[in-house]
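Have a look at upload-v4.cif; it's mmCIF, N, CA and C atoms:
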```cif
data_run
#
loop_
_atom_site.label_atom_id
_atom_site.label_comp_id
_atom_site.auth_asym_id
_atom_site.auth_seq_id
_atom_site.Cartn_x
_atom_site.Cartn_y
_atom_site.Cartn_z
N MET A 1457 -50.09 0.21 111.16
CA MET A 1457 -51.50 0.01 111.19
C MET A 1457 -52.19 0.95 112.17
N ARG A 1458 -51.45 1.46 113.10
CA ARG A 1458 -52.03 2.37 114.09
C ARG A 1458 -52.52 3.68 113.47
N ARG A 1459 -52.01 4.01 112.30
CA ARG A 1459 -52.40 5.26 111.64
C ARG A 1459 -53.65 5.09 110.79
N LEU A 1460 -54.09 3.86 110.58
CA LEU A 1460 -55.24 3.59 109.73
C LEU A 1460 -56.54 3.77 110.49
N SER A 1461 -57.61 3.89 109.75
CA SER A 1461 -58.94 4.03 110.34
C SER A 1461 -59.30 2.77 111.13
N PRO A 1462 -59.61 2.92 112.42
CA PRO A 1462 -60.03 1.77 113.22
C PRO A 1462 -61.27 1.08 112.62
N LEU A 1463 -62.19 1.86 112.09
CA LEU A 1463 -63.38 1.28 111.47
C LEU A 1463 -62.97 0.43 110.27
N SER A 1464 -62.10 0.93 109.43
CA SER A 1464 -61.66 0.17 108.26
C SER A 1464 -60.95 -1.11 108.66
N LEU A 1465 -60.14 -1.06 109.69
CA LEU A 1465 -59.44 -2.26 110.15
C LEU A 1465 -60.43 -3.32 110.62
N ARG A 1466 -61.44 -2.91 111.37
CA ARG A 1466 -62.46 -3.86 111.83
C ARG A 1466 -63.25 -4.42 110.65
N LEU A 1467 -63.55 -3.57 109.67
CA LEU A 1467 -64.30 -4.03 108.51
C LEU A 1467 -63.49 -5.03 107.68
N ILE A 1468 -62.20 -4.80 107.55
CA ILE A 1468 -61.34 -5.74 106.83
C ILE A 1468 -61.35 -7.10 107.53
N PHE A 1469 -61.19 -7.08 108.84
CA PHE A 1469 -61.20 -8.34 109.59
C PHE A 1469 -62.53 -9.07 109.41
N GLU A 1470 -63.64 -8.34 109.53
CA GLU A 1470 -64.96 -8.95 109.39
C GLU A 1470 -65.19 -9.48 107.97
N THR A 1471 -64.73 -8.74 106.98
CA THR A 1471 -64.87 -9.16 105.59
C THR A 1471 -64.15 -10.48 105.35
N LEU A 1472 -62.93 -10.60 105.84
CA LEU A 1472 -62.16 -11.83 105.67
C LEU A 1472 -62.81 -13.00 106.41
N LYS A 1473 -63.31 -12.72 107.59
CA LYS A 1473 -63.96 -13.75 108.38
C LYS A 1473 -65.20 -14.29 107.67
N ARG A 1474 -66.00 -13.39 107.11
CA ARG A 1474 -67.22 -13.79 106.41
C ARG A 1474 -66.92 -14.46 105.07
N ALA A 1475 -65.88 -14.03 104.41
CA ALA A 1475 -65.59 -14.50 103.05
C ALA A 1475 -65.23 -15.98 103.00
N LYS A 1476 -64.75 -16.53 104.07
CA LYS A 1476 -64.32 -17.94 104.05
C LYS A 1476 -65.46 -18.89 103.75
N ASP A 1477 -66.70 -18.48 104.00
CA ASP A 1477 -67.86 -19.34 103.76
C ASP A 1477 -68.68 -18.91 102.55
N LEU A 1478 -68.14 -18.02 101.72
CA LEU A 1478 -68.89 -17.49 100.58
C LEU A 1478 -68.34 -18.00 99.25
N THR A 1479 -69.20 -18.00 98.25
CA THR A 1479 -68.75 -18.27 96.89
C THR A 1479 -68.09 -17.00 96.35
N LEU A 1480 -67.42 -17.12 95.22
CA LEU A 1480 -66.77 -15.96 94.63
C LEU A 1480 -67.80 -14.87 94.30
N LYS A 1481 -68.93 -15.27 93.76
CA LYS A 1481 -69.99 -14.31 93.45
C LYS A 1481 -70.47 -13.59 94.72
N GLU A 1482 -70.64 -14.33 95.80
CA GLU A 1482 -71.07 -13.73 97.07
C GLU A 1482 -70.02 -12.79 97.64
N VAL A 1483 -68.74 -13.13 97.45
CA VAL A 1483 -67.66 -12.25 97.90
C VAL A 1483 -67.73 -10.91 97.15
N PHE A 1484 -67.93 -10.98 95.83
CA PHE A 1484 -68.06 -9.75 95.05
C PHE A 1484 -69.27 -8.93 95.49
N GLN A 1485 -70.37 -9.60 95.78
CA GLN A 1485 -71.56 -8.90 96.25
C GLN A 1485 -71.30 -8.25 97.60
N GLN A 1486 -70.62 -8.97 98.49
CA GLN A 1486 -70.28 -8.42 99.80
C GLN A 1486 -69.37 -7.21 99.65
N ASP A 1487 -68.38 -7.32 98.79
CA ASP A 1487 -67.45 -6.21 98.58
C ASP A 1487 -68.16 -4.97 98.02
N PHE A 1488 -69.10 -5.20 97.11
CA PHE A 1488 -69.86 -4.08 96.55
C PHE A 1488 -70.68 -3.40 97.64
N GLN A 1489 -71.37 -4.19 98.44
CA GLN A 1489 -72.18 -3.64 99.52
C GLN A 1489 -71.31 -2.90 100.54
N LEU A 1490 -70.16 -3.46 100.86
CA LEU A 1490 -69.25 -2.83 101.81
C LEU A 1490 -68.72 -1.51 101.26
N THR A 1491 -68.39 -1.47 99.98
CA THR A 1491 -67.91 -0.24 99.36
C THR A 1491 -68.96 0.85 99.47
N TYR A 1492 -70.20 0.51 99.19
CA TYR A 1492 -71.29 1.47 99.30
C TYR A 1492 -71.42 1.97 100.74
N ALA A 1493 -71.31 1.07 101.70
CA ALA A 1493 -71.43 1.45 103.12
C ALA A 1493 -70.28 2.36 103.54
N ILE A 1494 -69.09 2.10 103.05
CA ILE A 1494 -67.93 2.92 103.41
C ILE A 1494 -68.09 4.34 102.88
N PHE A 1495 -68.65 4.48 101.69
CA PHE A 1495 -68.85 5.82 101.13
C PHE A 1495 -69.84 6.66 101.93
N ARG A 1496 -70.64 6.01 102.76
CA ARG A 1496 -71.60 6.74 103.60
C ARG A 1496 -70.99 7.17 104.93
N ARG A 1497 -69.77 6.74 105.20
CA ARG A 1497 -69.13 7.05 106.48
C ARG A 1497 -68.10 8.17 106.29
N ASN A 1498 -67.83 8.90 107.34
CA ASN A 1498 -66.92 10.04 107.28
C ASN A 1498 -65.46 9.64 107.13
N ASP A 1499 -65.07 8.48 107.64
CA ASP A 1499 -63.65 8.10 107.60
C ASP A 1499 -63.10 8.06 106.18
N PHE A 1500 -63.89 7.64 105.22
CA PHE A 1500 -63.42 7.59 103.84
C PHE A 1500 -63.02 8.99 103.36
N TYR A 1501 -63.91 9.94 103.54
CA TYR A 1501 -63.66 11.31 103.07
C TYR A 1501 -62.55 11.99 103.88
N GLU A 1502 -62.48 11.68 105.16
CA GLU A 1502 -61.42 12.22 106.00
C GLU A 1502 -60.06 11.70 105.52
N GLY A 1503 -59.99 10.42 105.22
CA GLY A 1503 -58.73 9.86 104.73
C GLY A 1503 -58.33 10.42 103.39
N VAL A 1504 -59.26 10.53 102.47
CA VAL A 1504 -58.96 11.09 101.15
C VAL A 1504 -58.45 12.52 101.30
N ASP A 1505 -59.13 13.31 102.13
CA ASP A 1505 -58.72 14.71 102.30
C ASP A 1505 -57.34 14.82 102.95
N LYS A 1506 -57.17 14.22 104.11
CA LYS A 1506 -55.93 14.42 104.87
C LYS A 1506 -54.73 13.68 104.30
N LEU A 1507 -54.96 12.56 103.61
CA LEU A 1507 -53.84 11.78 103.11
C LEU A 1507 -53.52 12.05 101.64
N LEU A 1508 -54.54 12.35 100.84
CA LEU A 1508 -54.31 12.52 99.41
C LEU A 1508 -54.41 13.96 98.91
N ILE A 1509 -55.33 14.73 99.45
CA ILE A 1509 -55.55 16.09 98.94
C ILE A 1509 -54.68 17.11 99.67
N SER A 1510 -54.95 17.32 100.96
CA SER A 1510 -54.20 18.34 101.70
C SER A 1510 -52.83 17.84 102.15
N LYS A 1511 -52.66 16.52 102.20
CA LYS A 1511 -51.40 15.88 102.59
C LYS A 1511 -50.89 16.33 103.96
N THR A 1512 -51.84 16.57 104.87
CA THR A 1512 -51.44 16.90 106.25
C THR A 1512 -51.17 15.64 107.07
N TYR A 1513 -51.66 14.51 106.58
CA TYR A 1513 -51.43 13.20 107.21
C TYR A 1513 -51.87 13.14 108.66
N ASP A 1514 -52.94 13.87 108.97
CA ASP A 1514 -53.46 13.86 110.34
C ASP A 1514 -54.99 13.66 110.38
N PRO A 1515 -55.46 12.55 109.82
CA PRO A 1515 -56.91 12.34 109.79
C PRO A 1515 -57.49 12.20 111.20
N LYS A 1516 -58.69 12.66 111.36
CA LYS A 1516 -59.43 12.52 112.62
C LYS A 1516 -60.49 11.46 112.38
N TRP A 1517 -60.17 10.23 112.73
CA TRP A 1517 -61.06 9.12 112.49
C TRP A 1517 -62.27 9.17 113.42
N GLU A 1518 -63.34 8.48 113.03
CA GLU A 1518 -64.55 8.42 113.85
C GLU A 1518 -64.27 7.77 115.21
N HIS A 1519 -63.32 6.86 115.24
CA HIS A 1519 -62.98 6.14 116.47
C HIS A 1519 -61.48 6.27 116.72
N GLU A 1520 -61.11 6.31 117.99
CA GLU A 1520 -59.69 6.39 118.31
C GLU A 1520 -59.00 5.03 118.26
N LYS A 1521 -59.73 3.98 118.66
CA LYS A 1521 -59.15 2.64 118.71
C LYS A 1521 -60.10 1.65 118.05
N VAL A 1522 -59.54 0.53 117.64
CA VAL A 1522 -60.33 -0.55 117.04
C VAL A 1522 -61.42 -1.01 118.02
N GLU A 1523 -61.09 -1.04 119.28
CA GLU A 1523 -62.04 -1.49 120.31
C GLU A 1523 -63.25 -0.57 120.44
N ASP A 1524 -63.14 0.65 119.95
CA ASP A 1524 -64.24 1.62 120.04
C ASP A 1524 -65.32 1.39 118.99
N VAL A 1525 -65.02 0.61 117.97
CA VAL A 1525 -65.99 0.32 116.92
C VAL A 1525 -66.97 -0.72 117.45
N THR A 1526 -68.26 -0.42 117.37
CA THR A 1526 -69.26 -1.34 117.92
C THR A 1526 -69.66 -2.39 116.89
N GLU A 1527 -70.21 -3.49 117.41
CA GLU A 1527 -70.72 -4.55 116.54
C GLU A 1527 -71.89 -4.04 115.70
N VAL A 1528 -72.66 -3.14 116.25
CA VAL A 1528 -73.79 -2.57 115.51
C VAL A 1528 -73.28 -1.82 114.28
N GLU A 1529 -72.22 -1.04 114.44
CA GLU A 1529 -71.65 -0.32 113.30
C GLU A 1529 -71.14 -1.28 112.22
N ILE A 1530 -70.53 -2.36 112.66
CA ILE A 1530 -70.02 -3.35 111.71
C ILE A 1530 -71.19 -3.99 110.96
N LYS A 1531 -72.20 -4.41 111.68
CA LYS A 1531 -73.36 -5.05 111.05
C LYS A 1531 -74.07 -4.11 110.08
N GLU A 1532 -74.10 -2.81 110.38
CA GLU A 1532 -74.74 -1.84 109.49
C GLU A 1532 -74.04 -1.78 108.14
N CYS A 1533 -72.78 -2.10 108.09
CA CYS A 1533 -72.03 -2.04 106.84
C CYS A 1533 -72.22 -3.28 105.98
N PHE A 1534 -72.77 -4.33 106.55
CA PHE A 1534 -73.00 -5.56 105.81
C PHE A 1534 -74.48 -5.72 105.62
#
```
So that I can check it, write out the structure of this file as structure tokens.
Amino acid sequence: MRRLSPLSLRLIFETLKRAKDLTLKEVFQQDFQLTYAIFRRNDFYEGVDKLLISKTYDPKWEHEKVEDVTEVEIKECF
């Protein structure tokens, strides 16, 4: 997990935390909104490039650690 995007890890945790109080329809809506938000961030494109296209396996994530991701950034994605 240390090789994954810290932002993505935080978003996964937040998504699961929020989903426990949602209906199935609301979960799908949340997932759609989150997908749109992720496409606006650099980590998605960095991961696709370094892991799938160039296969250098050395992505430069927006944050070095999970702790570096702010609550404001998380809220912006929801």
For atom N of Val1483 of chain A and atom CA of Ser1464 of chain A, the interatomic separation in Å (one decimal): 18.5 Å
Quick one: what's the axis-aligned box for segment 1473-1480 of chain A, all listed atoms, 5 Å on every side, centre and edges in Å to one decimal, as lines of an AutoDock Vina configuration file?
```
center_x = -66.3
center_y = -16.0
center_z = 101.3
size_x = 15.9
size_y = 16.6
size_z = 24.1
```
Pick from A:Leu1478, A:Met1457, A:Ile1494, A:Leu1463 nearest to Val1522 of chain A, counting only C-alpha atoms: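 Using only C-alpha atoms, the shortest distance to Val1522 of chain A belongs to A:Leu1463.
For Ser1461 of chain A, the set of protein, DNA and RNA residues having any atom at most 7 Å away, when counting all atoms listed in the file and skipping those fewer than 5 positions along the same chain, is Arg1466, Asp1499, Trp1517, Glu1518, His1519 and Val1522 of chain A.
Picture a line from atom CA of Phe1534 of chain A to atom CA of Asp1487 of chain A; it runs 9.1 Å.
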Selected residue of minimal separation from Gly1503 of chain A among A:Arg1459, A:Leu1472, A:Ile1530, A:Pro1515, counting all atoms listed in the file: A:Pro1515
Point-to-point distance in Å for atom N of Glu1482 of chain A and atom C of Thr1526 of chain A: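 Result for atom C of Thr1526 of chain A versus atom N of Glu1482 of chain A: 24.3 Å, one decimal.
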